[in-house]
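Source file: input_27.txt (compact mmCIF, C-alpha atoms)
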# COMPACT_ATOMS: atom_id res chain seq x y z
CA MET A 1 4.98 18.37 0.54
CA TYR A 2 2.67 20.74 -1.35
CA PRO A 3 -0.40 21.32 0.78
CA ILE A 4 -1.51 24.39 -1.18
CA ILE A 5 -1.54 25.10 -4.89
CA HIS A 6 -1.23 28.83 -5.59
CA LEU A 7 -3.08 29.66 -8.78
CA PHE A 8 -3.07 33.40 -9.34
CA GLY A 9 -2.79 36.37 -7.00
CA ASN A 10 -4.01 35.27 -3.59
CA PHE A 11 -6.23 32.52 -5.07
CA GLN A 12 -5.25 29.08 -3.75
CA ILE A 13 -6.72 25.61 -3.28
CA GLY A 14 -5.85 22.72 -0.97
CA THR A 15 -4.12 19.80 -2.66
CA TYR A 16 -5.83 17.28 -0.40
CA GLY A 17 -9.29 18.47 -1.40
CA LEU A 18 -8.33 18.46 -5.07
CA CYS A 19 -7.06 14.86 -4.86
CA CYS A 20 -10.16 13.70 -2.97
CA VAL A 21 -12.49 15.23 -5.53
CA LEU A 22 -10.50 13.78 -8.45
CA GLY A 23 -10.71 10.38 -6.78
CA GLY A 24 -14.44 10.78 -6.30
CA VAL A 25 -14.99 11.79 -9.93
CA PHE A 26 -13.03 8.79 -11.28
CA ALA A 27 -14.79 6.48 -8.81
CA VAL A 28 -18.24 7.66 -9.95
CA LEU A 29 -17.25 7.30 -13.64
CA LEU A 30 -16.04 3.73 -12.98
CA MET A 31 -19.30 2.95 -11.15
CA LEU A 32 -21.39 4.27 -14.07
CA TRP A 33 -19.23 2.17 -16.43
CA ASN A 34 -19.85 -0.95 -14.33
CA ALA A 35 -23.61 -0.29 -14.42
CA LYS A 36 -23.77 -2.11 -17.76
CA TYR A 37 -22.99 -5.42 -16.05
CA PHE A 38 -26.15 -5.14 -13.93
CA ASN A 39 -28.68 -3.39 -16.19
CA HIS A 40 -28.84 -0.51 -13.68
CA ASN A 41 -30.47 2.86 -14.30
CA ARG A 42 -27.55 5.32 -14.19
CA TYR A 43 -29.64 8.09 -12.56
CA ASP A 44 -30.53 5.64 -9.80
CA LEU A 45 -26.83 5.11 -9.20
CA ILE A 46 -26.13 8.87 -9.20
CA GLU A 47 -28.89 9.37 -6.63
CA ALA A 48 -27.42 6.53 -4.56
CA THR A 49 -23.99 8.19 -4.80
CA ALA A 50 -25.41 11.45 -3.41
CA PHE A 51 -26.82 9.62 -0.39
CA ILE A 52 -23.58 7.67 0.08
CA LEU A 53 -21.60 10.94 0.05
CA LEU A 54 -23.88 12.49 2.64
CA GLY A 55 -23.63 9.38 4.81
CA ALA A 56 -19.86 9.17 4.36
CA LEU A 57 -19.27 12.81 5.39
CA THR A 58 -21.53 12.38 8.43
CA GLY A 59 -19.92 9.08 9.45
CA ALA A 60 -16.35 10.31 8.94
CA LYS A 61 -17.01 13.39 11.08
CA LEU A 62 -18.86 11.44 13.80
CA LEU A 63 -16.09 8.84 14.14
CA TYR A 64 -13.49 11.60 14.31
CA ILE A 65 -15.47 13.28 17.12
CA ILE A 66 -15.66 9.96 18.99
CA ILE A 67 -11.93 9.13 18.81
CA SER A 68 -10.75 12.74 19.38
CA TRP A 69 -13.38 13.71 21.92
CA ASP A 70 -10.92 15.36 24.35
CA TYR A 71 -9.32 17.44 21.59
CA VAL A 72 -12.70 18.60 20.26
CA ILE A 73 -13.86 19.62 23.76
CA ASN A 74 -10.57 21.48 24.24
CA ILE A 75 -11.02 23.44 21.00
CA PHE A 76 -14.52 24.60 21.92
CA ASN A 77 -13.58 25.36 25.54
CA ASN A 78 -10.66 27.54 24.44
CA ASN A 79 -12.44 29.34 21.58
CA GLY A 80 -16.11 29.26 22.51
CA LEU A 81 -19.06 28.31 20.36
CA SER A 82 -18.57 30.85 17.57
CA ILE A 83 -19.21 30.59 13.84
CA GLU A 84 -15.44 30.72 13.22
CA THR A 85 -14.76 27.79 15.55
CA ILE A 86 -17.63 25.72 14.14
CA SER A 87 -16.50 26.51 10.58
CA TYR A 88 -12.93 25.47 11.39
CA PHE A 89 -14.19 22.33 13.13
CA MET A 90 -16.43 21.30 10.21
CA GLN A 91 -13.68 21.78 7.64
CA SER A 92 -11.13 19.36 9.04
CA GLY A 93 -11.06 16.07 10.90
CA PHE A 94 -12.41 13.04 9.03
CA VAL A 95 -11.70 9.32 9.49
CA PHE A 96 -11.92 6.96 6.49
CA TYR A 97 -13.56 4.09 8.39
CA GLY A 98 -16.21 6.47 9.72
CA GLY A 99 -16.91 7.49 6.14
CA PHE A 100 -16.96 3.84 5.07
CA LEU A 101 -19.47 2.86 7.77
CA GLY A 102 -21.55 6.01 7.25
CA GLY A 103 -21.68 5.45 3.49
CA LEU A 104 -22.61 1.79 4.01
CA THR A 105 -25.46 2.79 6.34
CA ALA A 106 -26.68 5.33 3.81
CA ILE A 107 -26.74 2.83 0.92
CA ILE A 108 -28.56 0.24 3.06
CA LEU A 109 -31.24 2.79 3.92
CA TYR A 110 -31.45 3.97 0.29
CA ALA A 111 -31.82 0.40 -0.99
CA LYS A 112 -34.66 -0.20 1.49
CA PHE A 113 -36.32 3.01 0.31
CA GLN A 114 -35.98 1.90 -3.34
CA LYS A 115 -37.16 -1.64 -2.42
CA LYS A 116 -34.08 -3.29 -3.93
CA PRO A 117 -31.45 -5.57 -2.35
CA VAL A 118 -28.49 -3.51 -1.17
CA MET A 119 -26.10 -6.01 -2.80
CA GLU A 120 -27.34 -4.85 -6.24
CA TYR A 121 -25.76 -1.45 -5.53
CA LEU A 122 -22.71 -2.71 -3.64
CA LYS A 123 -21.66 -4.96 -6.51
CA CYS A 124 -21.53 -1.90 -8.78
CA ILE A 125 -19.72 0.30 -6.28
CA ALA A 126 -17.09 -2.13 -4.93
CA PRO A 127 -14.21 -1.49 -7.41
CA SER A 128 -14.72 2.30 -7.12
CA ILE A 129 -14.02 2.51 -3.39
CA PRO A 130 -10.31 1.57 -3.47
CA LEU A 131 -9.84 3.79 -6.55
CA ALA A 132 -11.15 6.85 -4.67
CA HIS A 133 -9.12 5.88 -1.62
CA ALA A 134 -5.91 5.68 -3.69
CA PHE A 135 -6.37 9.29 -4.83
CA GLY A 136 -7.15 10.35 -1.26
CA ARG A 137 -3.89 8.90 0.00
CA ILE A 138 -1.95 10.80 -2.67
CA GLY A 139 -3.68 13.89 -1.27
CA CYS A 140 -2.49 12.90 2.22
CA PHE A 141 1.07 12.64 0.90
CA MET A 142 0.88 16.07 -0.74
CA ALA A 143 -0.61 17.63 2.41
CA GLY A 144 1.80 15.89 4.78
CA CYS A 145 -0.73 14.15 7.04
CA CYS A 146 -1.22 10.46 7.94
CA TYR A 147 2.56 10.29 7.93
CA GLY A 148 4.84 7.29 8.41
CA ILE A 149 7.52 6.25 10.88
CA PRO A 150 11.00 7.82 10.77
CA PHE A 151 12.95 6.01 8.07
CA ASP A 152 16.37 6.47 6.52
CA PRO A 153 16.77 7.93 3.04
CA PRO A 154 16.40 7.21 0.14
CA ILE A 155 13.09 5.56 1.13
CA GLY A 156 12.49 8.06 3.95
CA ILE A 157 11.37 11.46 2.64
CA ILE A 158 11.60 14.83 4.37
CA MET A 159 8.29 16.67 4.07
CA PRO A 160 8.76 20.44 4.01
CA ASP A 161 5.63 22.54 4.61
CA ALA A 162 3.77 19.47 5.88
CA ILE A 163 0.61 20.38 7.76
CA ALA A 164 1.00 17.66 10.38
CA ALA A 165 4.20 15.65 9.89
CA PRO A 166 7.29 16.58 11.90
CA GLN A 167 9.60 18.80 9.89
CA ASN A 168 13.16 17.91 8.86
CA ILE A 169 12.81 14.22 9.73
CA PRO A 170 12.86 11.64 6.90
CA LEU A 171 9.62 9.68 7.13
CA PHE A 172 8.43 6.49 5.45
CA PRO A 173 5.99 7.42 2.62
CA VAL A 174 3.24 5.15 3.96
CA GLN A 175 0.66 7.26 2.08
CA LEU A 176 2.17 6.27 -1.28
CA LEU A 177 2.38 2.61 -0.18
CA GLU A 178 -1.29 2.56 0.75
CA SER A 179 -2.23 4.41 -2.44
CA THR A 180 -0.38 1.85 -4.59
CA LEU A 181 -1.95 -1.11 -2.79
CA ASN A 182 -5.43 0.42 -3.10
CA LEU A 183 -4.92 1.05 -6.81
CA LEU A 184 -3.81 -2.57 -7.24
CA LEU A 185 -6.91 -3.72 -5.35
CA ALA A 186 -9.14 -1.60 -7.62
CA VAL A 187 -7.54 -3.17 -10.73
CA ILE A 188 -8.00 -6.69 -9.33
CA LEU A 189 -11.65 -6.07 -8.44
CA GLN A 190 -12.36 -4.58 -11.87
CA ILE A 191 -10.78 -7.59 -13.62
CA LEU A 192 -12.94 -9.87 -11.47
CA MET A 193 -15.99 -7.75 -12.37
CA ILE A 194 -15.40 -8.66 -16.03
CA LYS A 195 -14.43 -12.28 -15.51
CA ILE A 196 -16.50 -13.87 -12.70
CA LYS A 197 -20.17 -14.76 -12.70
CA ASN A 198 -20.98 -14.42 -8.96
CA LYS A 199 -20.24 -10.71 -8.78
CA GLU A 200 -21.32 -10.35 -5.12
CA ARG A 201 -18.02 -12.06 -4.26
CA ILE A 202 -16.26 -8.86 -5.39
CA VAL A 203 -17.80 -7.09 -2.40
CA TYR A 204 -16.72 -9.86 -0.02
CA LEU A 205 -13.19 -9.83 -1.44
CA TYR A 206 -12.95 -6.07 -0.84
CA LEU A 207 -14.07 -6.62 2.77
CA ILE A 208 -11.26 -9.18 3.14
CA ILE A 209 -8.37 -7.61 1.22
CA TYR A 210 -8.65 -3.95 2.28
CA PRO A 211 -8.47 -4.68 6.05
CA VAL A 212 -5.31 -6.76 5.41
CA ILE A 213 -3.81 -3.80 3.52
CA ARG A 214 -4.83 -1.46 6.32
CA ILE A 215 -3.42 -3.61 9.15
CA PHE A 216 -0.14 -3.97 7.20
CA THR A 217 0.25 -0.24 6.53
CA GLU A 218 -0.76 0.67 10.10
CA GLN A 219 2.60 -0.76 11.24
CA PHE A 220 4.31 2.05 9.29
CA ARG A 221 2.07 4.87 10.59
CA TYR A 222 3.46 7.36 13.09
CA ASP A 223 0.54 9.78 13.64
CA SER A 224 -0.65 8.80 17.11
CA GLU A 225 -3.55 11.29 17.23
CA ARG A 226 -5.81 8.66 15.62
CA GLY A 227 -6.56 6.97 18.91
CA PHE A 228 -5.47 3.69 20.49
CA PHE A 229 -7.23 0.97 22.51
CA LEU A 230 -5.44 -1.92 24.27
CA GLY A 231 -2.29 -1.29 22.21
CA PHE A 232 -4.07 -1.44 18.85
CA SER A 233 -5.16 1.58 16.83
CA THR A 234 -8.88 2.05 16.24
CA SER A 235 -8.31 1.38 12.54
CA GLU A 236 -6.67 -1.99 13.31
CA ILE A 237 -9.60 -3.02 15.52
CA ILE A 238 -12.19 -2.00 12.91
CA SER A 239 -10.12 -3.69 10.16
CA ALA A 240 -10.03 -6.96 12.12
CA CYS A 241 -13.81 -6.89 12.62
CA ILE A 242 -14.46 -6.19 8.93
CA LEU A 243 -11.99 -8.93 7.89
CA ILE A 244 -13.79 -11.55 9.99
CA PHE A 245 -17.15 -10.34 8.66
CA GLY A 246 -15.92 -10.55 5.05
CA VAL A 247 -14.53 -14.08 5.48
CA VAL A 248 -17.80 -15.29 7.02
CA LEU A 249 -19.88 -13.77 4.20
CA LEU A 250 -17.63 -15.22 1.47
CA LEU A 251 -17.71 -18.71 2.99
CA LYS A 252 -21.49 -18.49 3.34
CA ASN A 253 -21.80 -17.45 -0.32
CA ILE A 254 -19.57 -20.32 -1.48
CA CYS A 255 -21.62 -22.84 0.55
CA ILE A 256 -24.91 -21.51 -0.83
CA THR A 257 -23.58 -21.63 -4.42
CA LYS A 258 -22.39 -25.24 -3.98
CA LYS A 259 -25.77 -26.26 -2.54
CA GLN A 260 -27.61 -24.70 -5.50
CA GLN A 261 -25.37 -26.66 -7.90
CA MET B 1 -30.43 -13.14 -9.06
CA PRO B 2 -34.09 -12.02 -9.13
CA TYR B 3 -35.64 -10.04 -6.27
CA CYS B 4 -39.07 -8.97 -5.10
CA SER B 5 -40.05 -5.47 -6.22
CA LYS B 6 -42.16 -4.94 -3.10
CA CYS B 7 -39.62 -5.62 -0.32
CA GLY B 8 -36.30 -6.10 -2.17
CA SER B 9 -35.59 -9.64 -0.91
CA TYR B 10 -33.85 -12.13 -3.20
CA ILE B 11 -36.14 -14.97 -4.44
CA ASP B 12 -35.64 -18.19 -6.40
CA ASP B 13 -36.92 -18.75 -9.93
CA SER B 14 -39.17 -21.54 -8.68
CA MET B 15 -41.07 -19.35 -6.20
CA ASN B 16 -44.52 -17.97 -6.95
CA SER B 17 -44.62 -15.64 -3.97
CA CYS B 18 -42.03 -13.72 -1.98
CA PRO B 19 -40.98 -15.57 1.19
CA SER B 20 -40.38 -12.29 3.06
CA CYS B 21 -43.49 -10.23 2.35
CA GLY B 22 -45.79 -12.78 0.65
CA ALA B 23 -46.36 -10.71 -2.50
CA VAL B 24 -47.52 -12.74 -5.53
CA ILE B 25 -45.07 -12.85 -8.44
CA LEU B 26 -46.78 -11.98 -11.75
CA GLN B 27 -43.84 -11.66 -14.18
CA LYS B 28 -40.40 -13.28 -14.25
CA LYS B 29 -37.34 -11.66 -15.80
CA SER B 30 -33.60 -12.03 -15.25
CA THR B 31 -31.59 -9.44 -13.39
CA ASP B 32 -27.84 -9.75 -13.91
CA ASN B 33 -26.39 -8.98 -17.29
CA ASN B 34 -23.42 -11.35 -17.25
CA SER B 35 -22.32 -10.55 -20.77
CA SER B 36 -19.61 -7.95 -20.86
CA GLN B 37 -19.99 -7.57 -24.60
CA ASP B 38 -23.65 -6.57 -24.57
CA SER B 39 -23.75 -3.27 -26.41
CA ASN B 40 -27.54 -3.12 -26.67
CA ASN B 41 -28.03 -2.66 -22.94
CA THR B 42 -29.63 0.75 -22.49
CA THR B 43 -29.26 2.03 -18.99
CA ASN B 44 -30.97 5.36 -19.35
CA THR B 45 -34.44 3.90 -18.97
CA ILE B 46 -36.29 2.59 -15.98
CA PRO B 47 -34.85 -0.91 -15.34
CA ASN B 48 -37.11 -3.81 -16.31
CA ASN B 49 -35.30 -6.37 -14.22
CA ASN B 50 -37.81 -6.57 -11.37
CA TYR B 51 -40.38 -9.11 -10.40
CA TYR B 52 -43.55 -7.06 -10.69
CA THR B 53 -46.29 -7.49 -8.13
CA SER B 54 -48.69 -4.97 -9.62
CA SER B 55 -49.01 -3.32 -13.00
CA TYR B 56 -49.99 0.29 -13.32
CA THR B 57 -48.68 3.25 -15.23
CA THR B 58 -48.24 6.83 -14.14
CA ASN B 59 -48.13 9.84 -16.37
CA ASN B 60 -46.03 12.22 -14.37
CA ASN B 61 -45.34 15.52 -16.13
CA GLU B 62 -44.49 17.39 -12.94
CA ASN B 63 -41.03 18.89 -12.73
CA GLY B 64 -40.90 20.08 -9.12
CA LYS B 65 -37.82 18.07 -8.26
CA GLY B 66 -36.02 19.30 -11.36
CA ILE B 67 -36.73 22.95 -10.57
CA ALA B 68 -35.66 22.43 -6.95
CA SER B 69 -32.43 20.78 -8.09
CA LEU B 70 -31.72 23.73 -10.42
CA VAL B 71 -32.20 26.18 -7.55
CA LEU B 72 -30.07 24.11 -5.20
CA GLY B 73 -27.37 23.82 -7.85
CA ILE B 74 -27.21 27.59 -8.18
CA VAL B 75 -27.19 27.99 -4.38
CA SER B 76 -24.40 25.41 -4.12
CA ILE B 77 -22.22 27.33 -6.58
CA VAL B 78 -22.93 30.69 -4.96
CA PHE B 79 -22.22 29.36 -1.46
CA SER B 80 -19.33 27.07 -2.46
CA SER B 81 -16.97 29.32 -0.52
CA SER B 82 -18.98 28.86 2.68
CA GLY B 83 -18.11 25.19 3.11
CA ILE B 84 -20.77 22.87 4.42
CA VAL B 85 -23.69 24.83 2.90
CA GLY B 86 -22.32 24.36 -0.62
CA ILE B 87 -21.66 20.67 -0.01
CA VAL B 88 -25.09 19.86 1.47
CA THR B 89 -27.06 21.85 -1.13
CA GLY B 90 -25.01 20.25 -3.91
CA ILE B 91 -25.70 16.73 -2.62
CA ILE B 92 -29.43 17.37 -2.21
CA GLY B 93 -29.55 18.96 -5.69
CA ILE B 94 -27.90 15.87 -7.22
CA ALA B 95 -30.34 13.54 -5.42
CA LEU B 96 -33.42 15.52 -6.51
CA SER B 97 -32.33 15.87 -10.15
CA SER B 98 -31.50 12.15 -10.37
CA ALA B 99 -34.88 11.27 -8.90
CA GLN B 100 -36.57 13.55 -11.46
CA ASN B 101 -34.54 12.13 -14.35
CA LYS B 102 -35.60 8.62 -13.39
CA GLU B 103 -39.26 9.57 -13.71
CA ASN B 104 -39.23 12.16 -16.48
CA LYS B 105 -35.91 13.25 -17.92
CA ASN B 106 -35.88 16.86 -19.08
CA GLY B 107 -33.55 19.80 -19.63
CA ILE B 108 -34.24 21.57 -16.33
CA SER B 109 -33.41 18.54 -14.18
CA THR B 110 -30.31 17.81 -16.27
CA ALA B 111 -29.19 21.42 -15.85
CA GLY B 112 -29.86 21.12 -12.11
CA LEU B 113 -27.73 17.97 -12.02
CA ILE B 114 -24.83 19.64 -13.80
CA LEU B 115 -24.94 22.79 -11.64
CA SER B 116 -25.23 20.76 -8.44
CA ILE B 117 -22.22 18.63 -9.44
CA ILE B 118 -20.19 21.77 -10.23
CA GLY B 119 -21.19 23.40 -6.92
CA LEU B 120 -20.39 20.24 -4.97
CA VAL B 121 -17.00 19.80 -6.66
CA ILE B 122 -15.98 23.42 -6.02
CA SER B 123 -17.14 23.23 -2.39
CA LEU B 124 -15.29 19.97 -1.76
CA ILE B 125 -12.06 21.15 -3.40
CA CYS B 126 -12.00 24.33 -1.35
CA PHE B 127 -12.94 22.98 2.02
CA ILE B 128 -11.76 19.43 2.54
CA SER B 129 -8.69 19.86 4.64
CA CYS B 130 -6.53 17.21 6.12
CA SER B 131 -8.13 14.48 8.25
CA CYS B 132 -6.21 15.59 11.32
CA MET B 133 -7.16 18.67 13.31
CA ASP B 134 -3.60 20.03 13.54
CA CYS B 135 -3.71 21.65 10.14
CA TYR B 136 -4.60 24.89 8.48
CA SER B 137 -8.02 25.81 7.23
CA TYR B 138 -7.52 26.44 3.53
CA LYS B 139 -9.54 29.23 2.02
CA LEU B 140 -9.80 30.74 -1.42
CA VAL B 141 -7.88 33.83 -0.33
CA ASP B 142 -4.66 33.61 1.65
CA ASP B 143 -5.52 34.72 5.18
CA SER B 144 -2.23 34.85 7.05
CA PHE B 145 -3.74 36.29 10.22
CA TRP B 146 -6.10 33.32 10.61
CA ARG B 147 -3.29 30.82 9.97
CA GLU B 148 -1.02 32.46 12.55
CA LYS B 149 -3.83 32.37 15.11
CA LEU B 150 -4.32 28.61 14.53
CA TRP B 151 -0.55 28.00 14.73
CA GLU B 152 -0.37 29.76 18.11
CA GLU B 153 -3.29 27.72 19.41
CA ILE B 154 -1.75 24.40 18.40
CA PHE B 155 1.67 25.05 19.86
CA ASP B 156 0.74 26.99 23.05

Structure encoded using structure tokens:
Amino acid sequence: MYPIIHLFGNFQIGTYGLCCVLGGVFAVLLMLWNAKYFNHNRYDLIEATAFILLGALTGAKLLYIIISWDYVINIFNNNGLSIETISYFMQSGFVFYGGFLGGLTAIILYAKFQKKPVMEYLKCIAPSIPLAHAFGRIGCFMAGCCYGIPFDPPIGIIMPDAIAAPQNIPLFPVQLLESTLNLLLAVILQILMIKIKNKERIVYLYLIIYPVIRIFTEQFRYDSERGFFLGFSTSEIISACILIFGVVLLLKNICITKKQQ
Amino acid sequence: MPYCSKCGSYIDDSMNSCPSCGAVILQKKSTDNNSSQDSNNTTNTIPNNNYYTSSYTTNNNENGKGIASLVLGIVSIVFSSSGIVGIVTGIIGIALSSAQNKENKNGISTAGLILSIIGLVISLICFISCSCMDCYSYKLVDDSFWREKLWEEIFD
């Protein structure tokens, strides 16, 4: 739709980057707001956020390299190992689940370094993740990537100037669907943050609900460059694993709570 | 739920030592603040919600991390147009300034935090492109030649 915003003269910024950063800023503000429920030091949370961001960028890039290995090799074979090629390669190509797993690894290592349980941080961060993701998906819609299946108007939208979507074909706005569902998830988790006593269950609920959202929206995705295995996309496989993991953790938590009572 | 300050494992109220690392528990305090209406909860101090296994105080007036974060924040802003350099220096600057503010909050580390955040935000806005490789590399200045070269590569 509008992948670039022209400001003045030749000065321009990418809409996707702007949306991602806005999402990150609101997510961090929500996390600092939720710190009051756990008596957290806010600078500790900011430091944790820095490590999560580093881990997320590393994980997102690594997973992209793994699932698009042939394409990456092709780029470097055709253009050589120059600063321009490396710069182009580093600036694009990230996968959300890689960022999720990389960020999770980073917070686990940080919690061990700080000698605190990782759940103390995850409880604070959980409602912020779908909020940031919702903004990111709006960025995807504006840039014209992560596009949906061909769909008839008025629901199907033609995306002029899209950076990846096929031109002049009405496509299902799966980015807006996923953004709306993520925003709804963030609202639900924040309401639970205020209402429930066992706040670790917010983390488990995110691990259950987001994979369901992802598997549902994957049926409307049309960008096949993401990689497939045995007929399922890599995101569907990872979502199924995380869903099972979340259900097991929630059931274990409920059993432990009932035993303590 | 309370946890051991030595290894970070959760422990019960009835325990006198940590089951994971064996550290003796000297002081018991609650952790979660379940009241959403608690307006007296100050979160800009070192949290006192741990089980302490030793008691000692440090008087740390050093500001090395704060100065480093200020330098990295400036570097991040200056190199925000170079992509990954601005992002990495911004992240490290934020981590160092937060670590300094936890120990000894002061103006230099706060300034380092603000500059690092600004540098990181500018770097991320300018250089996060789409998640798929078949897209343009967006730069601060419109570079049509570079875009045409990428277009030819994708569709040849």

Problem - Atomic separation - atom CA of Lys197 of chain A relative to atom CA of His133 of chain A, Å - result: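 Rounded to one decimal, the two atoms are 25.9 Å apart.
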
Problem - Shell of 10 Å around Phe100 of chain A, only C-alpha atoms, local chain residues under 4 positions omitted, as a PyMOL selection string - result: chain A and resi 52-53+55-57+59-60+95-96+104-106+129

Problem - Between atom CA of Phe51 of chain A and atom CA of Ile108 of chain A, distance in Å (one decimal) - result: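 Interatomic distance here is 10.1 Å.
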
Handout entry: From B:Ser109, B:Ser76, B:Ser98, B:Asn63, residue lying nearest chain A [all atoms listed in the file]
Key =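 Of B:Ser109, B:Ser76, B:Ser98, B:Asn63, the one nearest chain A, counting all atoms listed in the file, is B:Ser98.
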
Problem - Given all atoms listed in the file as the counted atoms, nearest of B:Gly83, B:Gly119, B:Gly112, B:Pro2 to Ala95 of chain B - result: B:Gly112

Around (-36.5, 19.0, -11.4) in the file's own coordinates, what residues are found within 12 Å if you use all atoms listed in the file, given back as a compact mmCIF listing (two decimals) with C-alpha atoms, in the coordinates of the input?
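Saved as point_36.txt:
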# COMPACT_ATOMS: atom_id res chain seq x y z
CA ASN B 61 -45.34 15.52 -16.13
CA GLU B 62 -44.49 17.39 -12.94
CA ASN B 63 -41.03 18.89 -12.73
CA GLY B 64 -40.90 20.08 -9.12
CA LYS B 65 -37.82 18.07 -8.26
CA GLY B 66 -36.02 19.30 -11.36
CA ILE B 67 -36.73 22.95 -10.57
CA ALA B 68 -35.66 22.43 -6.95
CA SER B 69 -32.43 20.78 -8.09
CA LEU B 70 -31.72 23.73 -10.42
CA VAL B 71 -32.20 26.18 -7.55
CA LEU B 72 -30.07 24.11 -5.20
CA GLY B 73 -27.37 23.82 -7.85
CA ILE B 92 -29.43 17.37 -2.21
CA GLY B 93 -29.55 18.96 -5.69
CA ILE B 94 -27.90 15.87 -7.22
CA ALA B 95 -30.34 13.54 -5.42
CA LEU B 96 -33.42 15.52 -6.51
CA SER B 97 -32.33 15.87 -10.15
CA SER B 98 -31.50 12.15 -10.37
CA ALA B 99 -34.88 11.27 -8.90
CA GLN B 100 -36.57 13.55 -11.46
CA ASN B 101 -34.54 12.13 -14.35
CA LYS B 102 -35.60 8.62 -13.39
CA GLU B 103 -39.26 9.57 -13.71
CA ASN B 104 -39.23 12.16 -16.48
CA LYS B 105 -35.91 13.25 -17.92
CA ASN B 106 -35.88 16.86 -19.08
CA GLY B 107 -33.55 19.80 -19.63
CA ILE B 108 -34.24 21.57 -16.33
CA SER B 109 -33.41 18.54 -14.18
CA THR B 110 -30.31 17.81 -16.27
CA ALA B 111 -29.19 21.42 -15.85
CA GLY B 112 -29.86 21.12 -12.11
CA LEU B 113 -27.73 17.97 -12.02
CA ILE B 114 -24.83 19.64 -13.80
CA SER B 116 -25.23 20.76 -8.44

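The spacing separating atom CA of Asp161 of chain A from atom CA of Cys145 of chain A amounts to 10.8 Å.
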
Handout entry: Surrounding residues of Leu131 of chain A excluding itself and chain neighbours under 3 positions, 7 Å, all atoms listed in the file, as a ChimeraX atom specification
Key = /A:23,27,127-128,134-135,182-183,186

Practice task
Give the answer as one residue: which of A:Leu18, A:Ile75, A:Cys124, A:Ile149 has the shortest atom-to-atom distance to chain B, using only C-alpha atoms?
Solution key: A:Leu18
